[in-house]
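Notes for the one structure printed next.
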Amino acid sequence: MEDRSVLELREMAESYKYDFKDPYLYKEVFEKGLDEEKVIKISKIKGEPQWMTEFRVNAYRVFISKPMPTWGNTELLNKINFDDIHYYVRPEEDHKTSWDDVPEYIKKTFDRLGIPEAERKFLAGVTAQYESEVVYHSIREDLAKQGVIFTDMDTGLREYPEIVRKYFGTVVPPEDNKFAALNSAVWSGGSFVYVPPNVKVSIPLQAYFRINAKNMGQFERTLIIADEGSEVTYIEGCTAPVYSSQSLHSAVVEIIALPNSKVQYITIQNWSRDVYNLVTKRSVAYENAKVGWIDANIGSLLTMKYPSIYLLGEGARGEIISVAFAKTGQHQDAGSKIILAAPNTSATVTSKSISVGSGRASYRGLVKVYKEAKNSKVNVQCDALLLDPESRTDTYPVIEVHQPNAAITHEATVSKISEQQLYYLMSRGLSPEEAKTLIIHGFIENFVKELPMEYAVEMNRLIALEMEGSVG
Amino acid sequence: MLKIKDLKAKVKSVDKQILNGVDFEIKKGEIHCIMGKNGSGKSTLGHIIMGNPDYEITDGQIYFENEIINDLPTNERATKGIYLAFQNPIEIPGVTLANFFRYTTKKFYSEDVPYPKIRKQIVELLGKFGIPEDTMRRYLNEGFSGGERKRIEAMQVLVYKPKLAILDEIDSGLDIDGLKNVVKYINEYVEHNPDTSIIFITHYSRLLQYLSPNMVHVMINGKIVLSGDMSLAKEIDEKGYSWLENSVKT
Ligand SMILES: Nc1ncnc2c1ncn2[C@@H]1O[C@H](COP(=O)(O)OP(=O)(O)O)[C@@H](O)[C@H]1O
Ligand SMILES: [Mg+2]
């Protein structure tokens with residue numbers, strides 16, 4: 001199968017005469033495990049253009065040819081059994097969980113966060129769809145009037161094939177890493193955003209429809225293009241824990257910030273505690289464009305995520321602000337990549353991690369300055385907070401500089417809460433958990449400040465909740 | 001209110017005995033002073049009443065409102081109504097005074113009181129104690145002057161309204177005007193809240209001229225060796241502590 005030529009594949013793909021009602025075909029596609037034929041069938045079921053089918057097949061080949069990463073948490077990574085995973089889930093069957101199966105700690109968290117009933121069922125995967133009805137439609141109309149495209153990725157590919165084809169996979173090619181390849185082969189869902197020149201989108205996209213089934217897929221794929229002089233903020237995820245029956249989640253996000261544009265991408269990741277969250281997020285910024293990643297990782301079993309910014313045009317700027325919260329049993333392996341390849345570019349990275357119990361937070365950072373990047377500046381600040389004696393944090397910074405006049409700083413701090421600090425706060429009535437929450441509150445304040453109001457409030461509530469012994 | 005019986009305690013880290021059998025009692029609405037030289041164990045007594053994990057009680061009991069609290073977690077002692085103004089308040093980088101009060105006042109105020117209202121009161125109180133409002137944005141005790149720390153520690157009595165407040169050396173680090181000011185508001189508070197019991201810990205008698213304590217105790221070597229009224233304080237003021245040390249030894 002592996003050595004079949006692309007041409008042969010193309011023929012094969014075209015020769016499939018799919019009857020979409022054919023239960024056998026569906027059955028096969030929806031079964032566990034993956035092979036090249038299944039990749040093609042997924043593409044065909046979705047009615048995709050030929051180039052996408054080829055893109056997927058090529059990506060699949062890259063996926064199987066690439067070894068597992070030999071860094072990060074290899075022990076956990078090697079437990080992934082690729083044959084035991086559903087790679088395509090029929091949208092209407094994606095939500096077959098019964099409320100009784102939803103873990104108790106998640107139900108409790110819903111209660112405490114005050115998530116409305118309808119949203120809870122959706123978040124827990126019990127109901128298929130939840131949309132914030134009225135608001136949703138009027139905002140969508142407003143956006144359409146401005147020429148903003150905001151839709152799920154599958155629809156984007158169907159309705160805007162030229163734009164998608166021009167940019168899809170250009171920022172994160174399948175060859176980038178094993179999980180990006182897997183996503184490229186089997187992606188489904190995610191968002192497609194295009195903002196026309198000089199349009200400034202005043203509301204954060206997704207904030208008002210944060211509960212949208214298609215954006216929470218297992219292998220979601222998001223592509224954001226900010227045309228010249230435009231501005232947009234996109235928010236992904238929510239503070240409520242997201243229960244999933246699928247344990248492997250591998251998303252790809254690509255951002256293209258054309259000259260003078262501004263893009264802000266906010267993520268609050270709170271997958272349930274059994275999920276592998278292996279994500280590739282990357283952006284390119286052209287002349288005087290600005291890209292910001294605001295990234296919070298709270299849930300999951302293992303997260304490996306290193307948002308990247310390629311500063312390709314003169315005067316481009318980047319900012320990455322991240323928070324990782326690792327509780328007992330969790331490993332948050334997060335970080336950043338900053339590549340400076342043009343003069344007068346600059347970037348700041350602020351990474352905060354909190355380890356609780358035996359939780360483990362790692363920071364992996366790359367700063368690469370090319371010879372072209374004269375007068376460039378990068379500041380990296382990594383702060384780790386260890387709450388318990390067995391908590392763990394590591395930093396793995398790599399700095400590669402080929403331009404002598406670039407100004408690069410990297411600073412890392414590790415702080416612990418001393419027994420006397422706890423005692424002092426307890427003497428003012430706070431329980432140890434509340435005292436720790438207060439300290440965390442201060443520690444991540446700069447991050448929370450970046451979030452829209454309602455997310456900031458929820459984030460603080462969530463941290464308080466996470467610190468309570470009763471949850472998790 | 002508080003009764004201590006034959007209390008013995010040591011520092012855990014160096015296994016050193018510090019309190020050698022303290023007996024002490026303060027009733028509702030009383031004001032007491034505990035005096036003694038540096039190193040006699042006054043602060044240790046305060047910390048043990050509050051439950052500082054650095055120390056271990058090896059013998060004796062602490063009763064608060066007739067309940068033994070030897071093993072009660074510090075925060076529960078606080079919410080039961082014991083407050084300790086630290087001689088050396090702890091620095092907590094990253095936690096602003098504003099956030100600190102936002103969290104702690106939840107423990108002492110009914111949920112019905114909106115926080116902005118509490119905050120306003122706190123800012124007013126800080127003002128009375130000579131602390132400007134923008135201090136709310138600073139990190140708790142970090143880089144605060146000795147005087148600022150003392151004022152803020154003392155001022156919290158008026159915030160949490162404890163049944164028993166122990167004020168450890170609020171006079172050290174404060175200039176005379178600052179001290180007068182702090183004592184004025186504490187006295188005023190006690191007038192309006194006559195059920196409050198207060199223990200002033202000090203090794204100077206200068207504080208006492210502004211107070212009218214019901215009792216004065218002298219601590220030497222981890223023991224309260226003498227208790228009396230204001231005249232005892234005056235005697236110490238004149239003669240120092242050495243005459244007591246000698247008389248105790250015999
Ligand atoms: N945490 C500690 N570790 C070591 N020694 C301590 C500790 N706390 C108190 N001590 C010792 O106990 C004795 C009494 O101290 P303290 O209670 O602070 O006295 P005072 O407040 O009367 O000046 C001193 O010798 C002091 O050094
Ligand atoms: Mg002392």
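If you're wondering about the labels, chains in the structure tokens are A, B, ... by order shown, residues count from 1 in each chain, ligands from 1 in order shown.
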Practice problem: With a distance cut-off of 12 Å and only C-alpha atoms, select the neighbouring residues of Ile131 of chain B, excluding the residue or stretch itself and same-chain residues fewer than 2 positions from it, and output the selection as a PyMOL selection string. | Solution: chain B and resi 97+122-129+133-136+138+144-145+147-155+178+181-182
Just-selected residues, N, CA and C atoms written as a PDB file, in the first residue's frame:
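Result saved to out_25.pdb:
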```pdb
ATOM      1  N   LEU B  97      -1.997  43.885  48.244  1.00  0.00           N
ATOM      2  CA  LEU B  97      -2.791  44.131  49.444  1.00  0.00           C
ATOM      3  C   LEU B  97      -4.282  44.054  49.089  1.00  0.00           C
ATOM      4  N   ILE B 122     -11.960  49.567  53.955  1.00  0.00           N
ATOM      5  CA  ILE B 122     -10.548  49.252  54.175  1.00  0.00           C
ATOM      6  C   ILE B 122      -9.666  50.438  53.800  1.00  0.00           C
ATOM      7  N   VAL B 123      -9.987  51.038  52.669  1.00  0.00           N
ATOM      8  CA  VAL B 123      -9.197  52.185  52.230  1.00  0.00           C
ATOM      9  C   VAL B 123      -9.293  53.321  53.259  1.00  0.00           C
ATOM     10  N   GLU B 124     -10.500  53.506  53.809  1.00  0.00           N
ATOM     11  CA  GLU B 124     -10.669  54.524  54.858  1.00  0.00           C
ATOM     12  C   GLU B 124      -9.829  54.210  56.091  1.00  0.00           C
ATOM     13  N   LEU B 125      -9.888  52.932  56.493  1.00  0.00           N
ATOM     14  CA  LEU B 125      -9.107  52.519  57.659  1.00  0.00           C
ATOM     15  C   LEU B 125      -7.615  52.710  57.418  1.00  0.00           C
ATOM     16  N   LEU B 126      -7.165  52.293  56.237  1.00  0.00           N
ATOM     17  CA  LEU B 126      -5.749  52.472  55.906  1.00  0.00           C
ATOM     18  C   LEU B 126      -5.388  53.945  56.049  1.00  0.00           C
ATOM     19  N   GLY B 127      -6.270  54.807  55.548  1.00  0.00           N
ATOM     20  CA  GLY B 127      -6.041  56.246  55.627  1.00  0.00           C
ATOM     21  C   GLY B 127      -5.879  56.709  57.074  1.00  0.00           C
ATOM     22  N   LYS B 128      -6.787  56.232  57.937  1.00  0.00           N
ATOM     23  CA  LYS B 128      -6.695  56.588  59.361  1.00  0.00           C
ATOM     24  C   LYS B 128      -5.349  56.187  59.943  1.00  0.00           C
ATOM     25  N   PHE B 129      -4.865  55.035  59.510  1.00  0.00           N
ATOM     26  CA  PHE B 129      -3.593  54.532  60.036  1.00  0.00           C
ATOM     27  C   PHE B 129      -2.394  55.085  59.266  1.00  0.00           C
ATOM     28  N   GLU B 133      -3.827  55.103  49.759  1.00  0.00           N
ATOM     29  CA  GLU B 133      -4.639  54.114  49.037  1.00  0.00           C
ATOM     30  C   GLU B 133      -3.830  53.294  48.030  1.00  0.00           C
ATOM     31  N   ASP B 134      -2.844  53.929  47.387  1.00  0.00           N
ATOM     32  CA  ASP B 134      -2.149  53.174  46.320  1.00  0.00           C
ATOM     33  C   ASP B 134      -1.315  52.010  46.858  1.00  0.00           C
ATOM     34  N   THR B 135      -1.188  51.950  48.180  1.00  0.00           N
ATOM     35  CA  THR B 135      -0.529  50.790  48.782  1.00  0.00           C
ATOM     36  C   THR B 135      -1.308  49.510  48.478  1.00  0.00           C
ATOM     37  N   MET B 136      -2.595  49.641  48.224  1.00  0.00           N
ATOM     38  CA  MET B 136      -3.428  48.479  47.886  1.00  0.00           C
ATOM     39  C   MET B 136      -2.879  47.728  46.671  1.00  0.00           C
ATOM     40  N   ARG B 138       0.322  47.414  46.043  1.00  0.00           N
ATOM     41  CA  ARG B 138       1.647  46.854  46.312  1.00  0.00           C
ATOM     42  C   ARG B 138       1.539  45.432  46.844  1.00  0.00           C
ATOM     43  N   PHE B 144       7.842  46.996  52.338  1.00  0.00           N
ATOM     44  CA  PHE B 144       7.180  47.945  53.244  1.00  0.00           C
ATOM     45  C   PHE B 144       8.163  48.328  54.339  1.00  0.00           C
ATOM     46  N   SER B 145       8.098  49.582  54.786  1.00  0.00           N
ATOM     47  CA  SER B 145       8.942  49.992  55.903  1.00  0.00           C
ATOM     48  C   SER B 145       8.404  49.344  57.173  1.00  0.00           C
ATOM     49  N   GLY B 147       7.481  50.705  59.830  1.00  0.00           N
ATOM     50  CA  GLY B 147       6.293  51.425  60.282  1.00  0.00           C
ATOM     51  C   GLY B 147       5.054  51.032  59.505  1.00  0.00           C
ATOM     52  N   GLU B 148       5.188  50.939  58.176  1.00  0.00           N
ATOM     53  CA  GLU B 148       4.042  50.557  57.339  1.00  0.00           C
ATOM     54  C   GLU B 148       3.508  49.180  57.736  1.00  0.00           C
ATOM     55  N   ARG B 149       4.435  48.270  57.963  1.00  0.00           N
ATOM     56  CA  ARG B 149       4.005  46.922  58.353  1.00  0.00           C
ATOM     57  C   ARG B 149       3.189  46.952  59.633  1.00  0.00           C
ATOM     58  N   LYS B 150       3.705  47.664  60.615  1.00  0.00           N
ATOM     59  CA  LYS B 150       3.042  47.718  61.922  1.00  0.00           C
ATOM     60  C   LYS B 150       1.657  48.346  61.818  1.00  0.00           C
ATOM     61  N   ARG B 151       1.578  49.426  61.062  1.00  0.00           N
ATOM     62  CA  ARG B 151       0.283  50.093  60.906  1.00  0.00           C
ATOM     63  C   ARG B 151      -0.735  49.151  60.270  1.00  0.00           C
ATOM     64  N   ILE B 152      -0.293  48.436  59.232  1.00  0.00           N
ATOM     65  CA  ILE B 152      -1.229  47.563  58.516  1.00  0.00           C
ATOM     66  C   ILE B 152      -1.620  46.362  59.378  1.00  0.00           C
ATOM     67  N   GLU B 153      -0.663  45.840  60.130  1.00  0.00           N
ATOM     68  CA  GLU B 153      -0.997  44.728  61.036  1.00  0.00           C
ATOM     69  C   GLU B 153      -2.012  45.174  62.082  1.00  0.00           C
ATOM     70  N   ALA B 154      -1.791  46.344  62.636  1.00  0.00           N
ATOM     71  CA  ALA B 154      -2.684  46.845  63.690  1.00  0.00           C
ATOM     72  C   ALA B 154      -4.060  47.172  63.121  1.00  0.00           C
ATOM     73  N   MET B 155      -4.053  47.763  61.961  1.00  0.00           N
ATOM     74  CA  MET B 155      -5.296  48.189  61.331  1.00  0.00           C
ATOM     75  C   MET B 155      -6.233  47.000  61.052  1.00  0.00           C
ATOM     76  N   GLY B 178       3.360  58.069  65.062  1.00  0.00           N
ATOM     77  CA  GLY B 178       2.735  56.896  64.459  1.00  0.00           C
ATOM     78  C   GLY B 178       2.134  56.011  65.541  1.00  0.00           C
ATOM     79  N   ASN B 181      -0.984  57.471  67.089  1.00  0.00           N
ATOM     80  CA  ASN B 181      -2.082  57.338  66.145  1.00  0.00           C
ATOM     81  C   ASN B 181      -2.678  55.932  66.157  1.00  0.00           C
ATOM     82  N   VAL B 182      -1.792  54.945  66.083  1.00  0.00           N
ATOM     83  CA  VAL B 182      -2.254  53.548  66.078  1.00  0.00           C
ATOM     84  C   VAL B 182      -2.998  53.239  67.366  1.00  0.00           C
TER      85      VAL B 182
END
```
Counting only C-alpha atoms, give me one row per residue of chain B with an atom at most 6 Å from an atom of chain A, showing the shortest contact pair and its distance in Å to one decimal, sorted by chain then residue number, as CSV.
```
residue,atom,partner,partner_atom,distance
B:Thr74,CA,A:Ser427,CA,5.6
B:Asn75,CA,A:Gly429,CA,4.3
B:Ala78,CA,A:Gly429,CA,5.0
B:Thr79,CA,A:Gly429,CA,5.4
B:Gly94,CA,A:Gly442,CA,4.9
B:Val95,CA,A:Gly442,CA,4.9
```
Within 10 Å of ligand 2 (only C-alpha atoms and all ligand atoms), residues as a PDB file with N, CA and C atoms, in the first residue's frame:
```pdb
ATOM      1  N   MET B  35       5.121  41.751  79.059  1.00  0.00           N
ATOM      2  CA  MET B  35       6.399  42.423  78.880  1.00  0.00           C
ATOM      3  C   MET B  35       7.523  41.419  79.084  1.00  0.00           C
ATOM      4  N   GLY B  36       8.685  41.805  78.685  1.00  0.00           N
ATOM      5  CA  GLY B  36       9.828  40.905  78.871  1.00  0.00           C
ATOM      6  C   GLY B  36      10.927  41.286  77.914  1.00  0.00           C
ATOM      7  N   LYS B  37      12.116  40.898  78.282  1.00  0.00           N
ATOM      8  CA  LYS B  37      13.272  41.226  77.451  1.00  0.00           C
ATOM      9  C   LYS B  37      13.201  40.509  76.112  1.00  0.00           C
ATOM     10  N   ASN B  38      13.995  40.995  75.190  1.00  0.00           N
ATOM     11  CA  ASN B  38      14.157  40.296  73.923  1.00  0.00           C
ATOM     12  C   ASN B  38      14.557  38.853  74.169  1.00  0.00           C
ATOM     13  N   GLY B  39      13.925  37.962  73.477  1.00  0.00           N
ATOM     14  CA  GLY B  39      14.330  36.562  73.573  1.00  0.00           C
ATOM     15  C   GLY B  39      13.696  35.818  74.728  1.00  0.00           C
ATOM     16  N   SER B  40      12.771  36.463  75.452  1.00  0.00           N
ATOM     17  CA  SER B  40      12.191  35.773  76.605  1.00  0.00           C
ATOM     18  C   SER B  40      11.070  34.807  76.198  1.00  0.00           C
ATOM     19  N   GLY B  41      10.601  34.909  74.965  1.00  0.00           N
ATOM     20  CA  GLY B  41       9.596  33.947  74.490  1.00  0.00           C
ATOM     21  C   GLY B  41       8.221  34.550  74.251  1.00  0.00           C
ATOM     22  N   LYS B  42       8.124  35.878  74.235  1.00  0.00           N
ATOM     23  CA  LYS B  42       6.825  36.541  74.070  1.00  0.00           C
ATOM     24  C   LYS B  42       6.213  36.241  72.698  1.00  0.00           C
ATOM     25  N   SER B  43       7.014  36.449  71.652  1.00  0.00           N
ATOM     26  CA  SER B  43       6.482  36.206  70.302  1.00  0.00           C
ATOM     27  C   SER B  43       6.133  34.739  70.118  1.00  0.00           C
ATOM     28  N   THR B  44       6.978  33.895  70.678  1.00  0.00           N
ATOM     29  CA  THR B  44       6.707  32.460  70.573  1.00  0.00           C
ATOM     30  C   THR B  44       5.339  32.136  71.172  1.00  0.00           C
ATOM     31  N   LEU B  45       5.041  32.730  72.301  1.00  0.00           N
ATOM     32  CA  LEU B  45       3.736  32.494  72.920  1.00  0.00           C
ATOM     33  C   LEU B  45       2.610  32.922  71.962  1.00  0.00           C
ATOM     34  N   GLY B  46       2.762  34.102  71.380  1.00  0.00           N
ATOM     35  CA  GLY B  46       1.761  34.578  70.427  1.00  0.00           C
ATOM     36  C   GLY B  46       1.596  33.602  69.265  1.00  0.00           C
ATOM     37  N   HIS B  47       2.716  33.135  68.729  1.00  0.00           N
ATOM     38  CA  HIS B  47       2.652  32.222  67.585  1.00  0.00           C
ATOM     39  C   HIS B  47       2.039  30.882  67.959  1.00  0.00           C
ATOM     40  N   PHE B  86       1.545  40.309  63.599  1.00  0.00           N
ATOM     41  CA  PHE B  86       2.897  39.761  63.671  1.00  0.00           C
ATOM     42  C   PHE B  86       3.927  40.831  64.028  1.00  0.00           C
ATOM     43  N   GLN B  87       4.898  40.428  64.827  1.00  0.00           N
ATOM     44  CA  GLN B  87       6.041  41.312  65.051  1.00  0.00           C
ATOM     45  C   GLN B  87       6.796  41.483  63.729  1.00  0.00           C
ATOM     46  N   ASN B  88       6.958  40.379  63.015  1.00  0.00           N
ATOM     47  CA  ASN B  88       7.606  40.425  61.706  1.00  0.00           C
ATOM     48  C   ASN B  88       6.672  39.853  60.649  1.00  0.00           C
ATOM     49  N   ASP B 168       1.767  42.093  68.688  1.00  0.00           N
ATOM     50  CA  ASP B 168       3.148  41.802  69.067  1.00  0.00           C
ATOM     51  C   ASP B 168       4.066  42.944  68.645  1.00  0.00           C
ATOM     52  N   GLU B 169       4.547  43.687  69.612  1.00  0.00           N
ATOM     53  CA  GLU B 169       5.516  44.767  69.366  1.00  0.00           C
ATOM     54  C   GLU B 169       5.039  45.744  68.292  1.00  0.00           C
ATOM     55  N   ILE B 201       1.938  42.879  73.383  1.00  0.00           N
ATOM     56  CA  ILE B 201       3.250  42.338  73.722  1.00  0.00           C
ATOM     57  C   ILE B 201       4.278  43.430  73.463  1.00  0.00           C
ATOM     58  N   THR B 202       5.135  43.666  74.422  1.00  0.00           N
ATOM     59  CA  THR B 202       6.139  44.710  74.196  1.00  0.00           C
ATOM     60  C   THR B 202       7.342  44.503  75.108  1.00  0.00           C
ATOM     61  N   HIS B 203       8.474  45.020  74.696  1.00  0.00           N
ATOM     62  CA  HIS B 203       9.559  44.996  75.670  1.00  0.00           C
ATOM     63  C   HIS B 203       9.909  46.410  76.140  1.00  0.00           C
TER      64      HIS B 203
END
```
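For the choices A:Ile203, A:Ala316, A:Val284, A:Ala257, the atom-to-atom distance to Ser346 of chain A is smallest for A:Ala316 when using only C-alpha atoms.
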Quiz prompt | Who sits within 7 Å of segment 19-28 of chain B, only C-alpha atoms, same chain under 5 positions skipped, as a PyMOL selection string | solution = chain B and resi 1-10+41+195-197+222-224
Grab the residues selected above and save them as a PDB file, in the first residue's frame with C-alpha atoms.
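Result file again-v4.pdb:
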```pdb
ATOM      1  CA  MET B   1     -11.776  34.082  76.670  1.00  0.00           C
ATOM      2  CA  LEU B   2      -8.249  32.617  76.617  1.00  0.00           C
ATOM      3  CA  LYS B   3      -6.715  30.417  79.239  1.00  0.00           C
ATOM      4  CA  ILE B   4      -3.296  28.816  79.074  1.00  0.00           C
ATOM      5  CA  LYS B   5      -2.216  26.063  81.446  1.00  0.00           C
ATOM      6  CA  ASP B   6       1.367  24.997  82.039  1.00  0.00           C
ATOM      7  CA  LEU B   7       2.231  25.454  78.378  1.00  0.00           C
ATOM      8  CA  LYS B   8       5.566  24.073  77.242  1.00  0.00           C
ATOM      9  CA  ALA B   9       6.739  24.324  73.650  1.00  0.00           C
ATOM     10  CA  LYS B  10       9.806  23.956  71.496  1.00  0.00           C
ATOM     11  CA  GLY B  41       9.596  33.947  74.490  1.00  0.00           C
ATOM     12  CA  ASP B 195     -16.106  42.724  74.480  1.00  0.00           C
ATOM     13  CA  THR B 196     -12.784  42.626  72.631  1.00  0.00           C
ATOM     14  CA  SER B 197      -9.863  41.213  74.587  1.00  0.00           C
ATOM     15  CA  GLY B 222       9.719  31.206  78.693  1.00  0.00           C
ATOM     16  CA  LYS B 223       7.653  31.667  81.849  1.00  0.00           C
ATOM     17  CA  ILE B 224       5.352  34.340  83.189  1.00  0.00           C
TER      18      ILE B 224
END
```
Quiz item: Quick one: residues within 12 Å of Ser230 of chain A, only C-alpha atoms counted, chain neighbours fewer than 2 positions away excluded, as a ChimeraX atom specification?
Solution: /A:146-148,194-202,224-228,232-233,256-264,288-291
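We find atom CA of Thr328 of chain A and atom CA of Ala412 of chain A to be spaced 22.9 Å apart.
Atom CA of Leu84 of chain B sits 21.0 Å away from atom CA of Ile118 of chain B.
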Quiz item: Of the candidates B:Thr105, B:Ser172, B:Asn193, B:Asn214, which one gets nearest to ligand 1 if we count only C-alpha atoms and all ligand atoms?
Solution: B:Ser172
Quiz item: Per DSSP on the backbone, what are the alpha helix (DSSP H) residues of segment 119-229 of chain B, as an MDAnalysis selection string?
Solution: chainID B and resid 119:128 146:160 176:192
Exercise. Write down as number ranges by chain the residues of segment 24-173 of chain B whose backbone DSSP state falls under strand (DSSP E).
Key: B: 24-26, 31-35, 55-64, 67-68, 82-85, 92-96, 139-140, 164-168
Write out, as a tab-separated table (two decimals), in the first residue's frame, the residues just selected, with N, CA and C atoms.
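Saved file out.tsv follows:
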```tsv
chain	number	residue	atom	x	y	z
B	24	PHE	N	-1.57	31.56	82.06
B	24	PHE	CA	-2.04	32.87	81.65
B	24	PHE	C	-3.54	32.83	81.47
B	25	GLU	N	-4.19	33.92	81.81
B	25	GLU	CA	-5.63	33.99	81.53
B	25	GLU	C	-6.04	35.42	81.24
B	26	ILE	N	-6.87	35.58	80.21
B	26	ILE	CA	-7.45	36.89	79.91
B	26	ILE	C	-8.95	36.72	79.71
B	31	ILE	N	-7.84	44.09	78.80
B	31	ILE	CA	-6.60	44.43	78.08
B	31	ILE	C	-5.42	44.03	78.96
B	32	HIS	N	-4.54	43.21	78.40
B	32	HIS	CA	-3.35	42.78	79.16
B	32	HIS	C	-2.10	43.18	78.40
B	33	CYS	N	-1.01	43.34	79.18
B	33	CYS	CA	0.29	43.54	78.54
B	33	CYS	C	1.21	42.43	78.96
B	34	ILE	N	1.93	41.88	78.00
B	34	ILE	CA	2.99	40.94	78.35
B	34	ILE	C	4.31	41.62	78.04
B	35	MET	N	5.12	41.75	79.06
B	35	MET	CA	6.40	42.42	78.88
B	35	MET	C	7.52	41.42	79.08
B	55	TYR	N	6.52	25.64	65.61
B	55	TYR	CA	6.65	25.26	67.02
B	55	TYR	C	5.79	24.05	67.33
B	56	GLU	N	6.19	23.35	68.39
B	56	GLU	CA	5.42	22.19	68.81
B	56	GLU	C	5.12	22.30	70.29
B	57	ILE	N	3.88	22.09	70.63
B	57	ILE	CA	3.51	22.09	72.05
B	57	ILE	C	3.92	20.75	72.64
B	58	THR	N	4.70	20.77	73.71
B	58	THR	CA	5.13	19.51	74.30
B	58	THR	C	4.32	19.18	75.56
B	59	ASP	N	3.67	20.20	76.11
B	59	ASP	CA	2.86	19.96	77.30
B	59	ASP	C	1.91	21.14	77.51
B	60	GLY	N	0.82	20.88	78.20
B	60	GLY	CA	-0.08	21.96	78.57
B	60	GLY	C	-1.21	22.16	77.57
B	61	GLN	N	-2.13	23.09	77.91
B	61	GLN	CA	-3.30	23.32	77.08
B	61	GLN	C	-3.54	24.80	76.83
B	62	ILE	N	-4.11	25.07	75.66
B	62	ILE	CA	-4.61	26.40	75.37
B	62	ILE	C	-6.13	26.28	75.21
B	63	TYR	N	-6.85	27.01	76.03
B	63	TYR	CA	-8.31	27.03	75.93
B	63	TYR	C	-8.73	28.36	75.33
B	64	PHE	N	-9.58	28.28	74.30
B	64	PHE	CA	-10.20	29.51	73.79
B	64	PHE	C	-11.69	29.32	73.91
B	67	GLU	N	-12.62	25.86	74.97
B	67	GLU	CA	-12.36	24.71	74.09
B	67	GLU	C	-10.84	24.61	73.91
B	68	ILE	N	-10.32	23.38	74.00
B	68	ILE	CA	-8.88	23.22	73.79
B	68	ILE	C	-8.57	23.40	72.30
B	82	ILE	N	-9.48	34.69	66.81
B	82	ILE	CA	-8.16	35.05	67.35
B	82	ILE	C	-7.39	35.77	66.24
B	83	TYR	N	-6.80	36.90	66.58
B	83	TYR	CA	-5.99	37.62	65.60
B	83	TYR	C	-4.62	37.91	66.19
B	84	LEU	N	-3.60	37.67	65.38
B	84	LEU	CA	-2.24	37.99	65.80
B	84	LEU	C	-1.65	39.01	64.83
B	85	ALA	N	-1.29	40.18	65.37
B	85	ALA	CA	-0.53	41.13	64.56
B	85	ALA	C	0.94	40.75	64.72
B	92	ILE	N	4.78	38.51	50.96
B	92	ILE	CA	4.22	37.58	49.97
B	92	ILE	C	4.24	38.25	48.60
B	93	PRO	N	5.34	38.08	47.87
B	93	PRO	CA	5.45	38.70	46.55
B	93	PRO	C	4.34	38.19	45.63
B	94	GLY	N	3.81	39.05	44.81
B	94	GLY	CA	2.79	38.64	43.85
B	94	GLY	C	1.38	38.83	44.37
B	95	VAL	N	1.23	38.91	45.69
B	95	VAL	CA	-0.11	39.10	46.24
B	95	VAL	C	-0.27	40.56	46.65
B	96	THR	N	-1.13	41.28	45.94
B	96	THR	CA	-1.32	42.68	46.29
B	96	THR	C	-2.16	42.78	47.56
B	139	TYR	N	2.66	44.71	46.72
B	139	TYR	CA	2.65	43.33	47.21
B	139	TYR	C	2.78	43.30	48.72
B	140	LEU	N	2.06	42.38	49.29
B	140	LEU	CA	1.92	42.27	50.73
B	140	LEU	C	3.26	42.28	51.47
B	164	LEU	N	-10.29	38.14	70.25
B	164	LEU	CA	-9.02	38.30	70.95
B	164	LEU	C	-7.95	38.76	69.96
B	165	ALA	N	-7.36	39.91	70.24
B	165	ALA	CA	-6.29	40.38	69.37
B	165	ALA	C	-4.98	40.38	70.15
B	166	ILE	N	-3.95	39.80	69.54
B	166	ILE	CA	-2.63	39.82	70.16
B	166	ILE	C	-1.77	40.74	69.30
B	167	LEU	N	-1.29	41.81	69.87
B	167	LEU	CA	-0.51	42.77	69.09
B	167	LEU	C	0.94	42.69	69.55
B	168	ASP	N	1.77	42.09	68.69
B	168	ASP	CA	3.15	41.80	69.07
B	168	ASP	C	4.07	42.94	68.64
```
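Interatomic distance, atom CA of Lys32 of chain A against atom CA of Arg158 of chain A: 26.7 Å.
Minimum atom-to-atom distance to Asp237 of chain B, evaluated using only C-alpha atoms, belongs to B:Leu207 out of B:Ile90, B:Val159, B:Leu207, B:Ile48.
The list of residues with at least one atom within 10 Å of segment 46-48 of chain A, based on only C-alpha atoms and without residues fewer than 3 positions apart in the same chain, reads Tyr18, Phe20, Ile40, Lys41, Ile42, Ser43, Trp51, Met52, Thr53, Asp154, Thr155, Leu157, Arg158, Pro161 and Ser188 of chain A.
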Exercise. Tell me, as a PyMOL selection string, which residues lie within 7 Å of Ala334 of chain A, counting only C-alpha atoms; anything in the same chain fewer than 2 positions away does not count.
Key: chain A and resi 304-306+332+362-364
Just-selected residues, C-alpha atoms written as a compact mmCIF listing (two decimals), in the first residue's frame:
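Now in result08.txt:
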```
# COMPACT_ATOMS: atom_id res chain seq x y z
CA MET A 304 2.46 19.24 24.28
CA LYS A 305 2.02 22.63 22.73
CA TYR A 306 4.50 25.28 21.64
CA GLN A 332 1.87 20.30 30.85
CA SER A 362 7.81 22.03 31.47
CA TYR A 363 8.78 25.01 29.42
CA ARG A 364 10.40 24.37 26.07
```
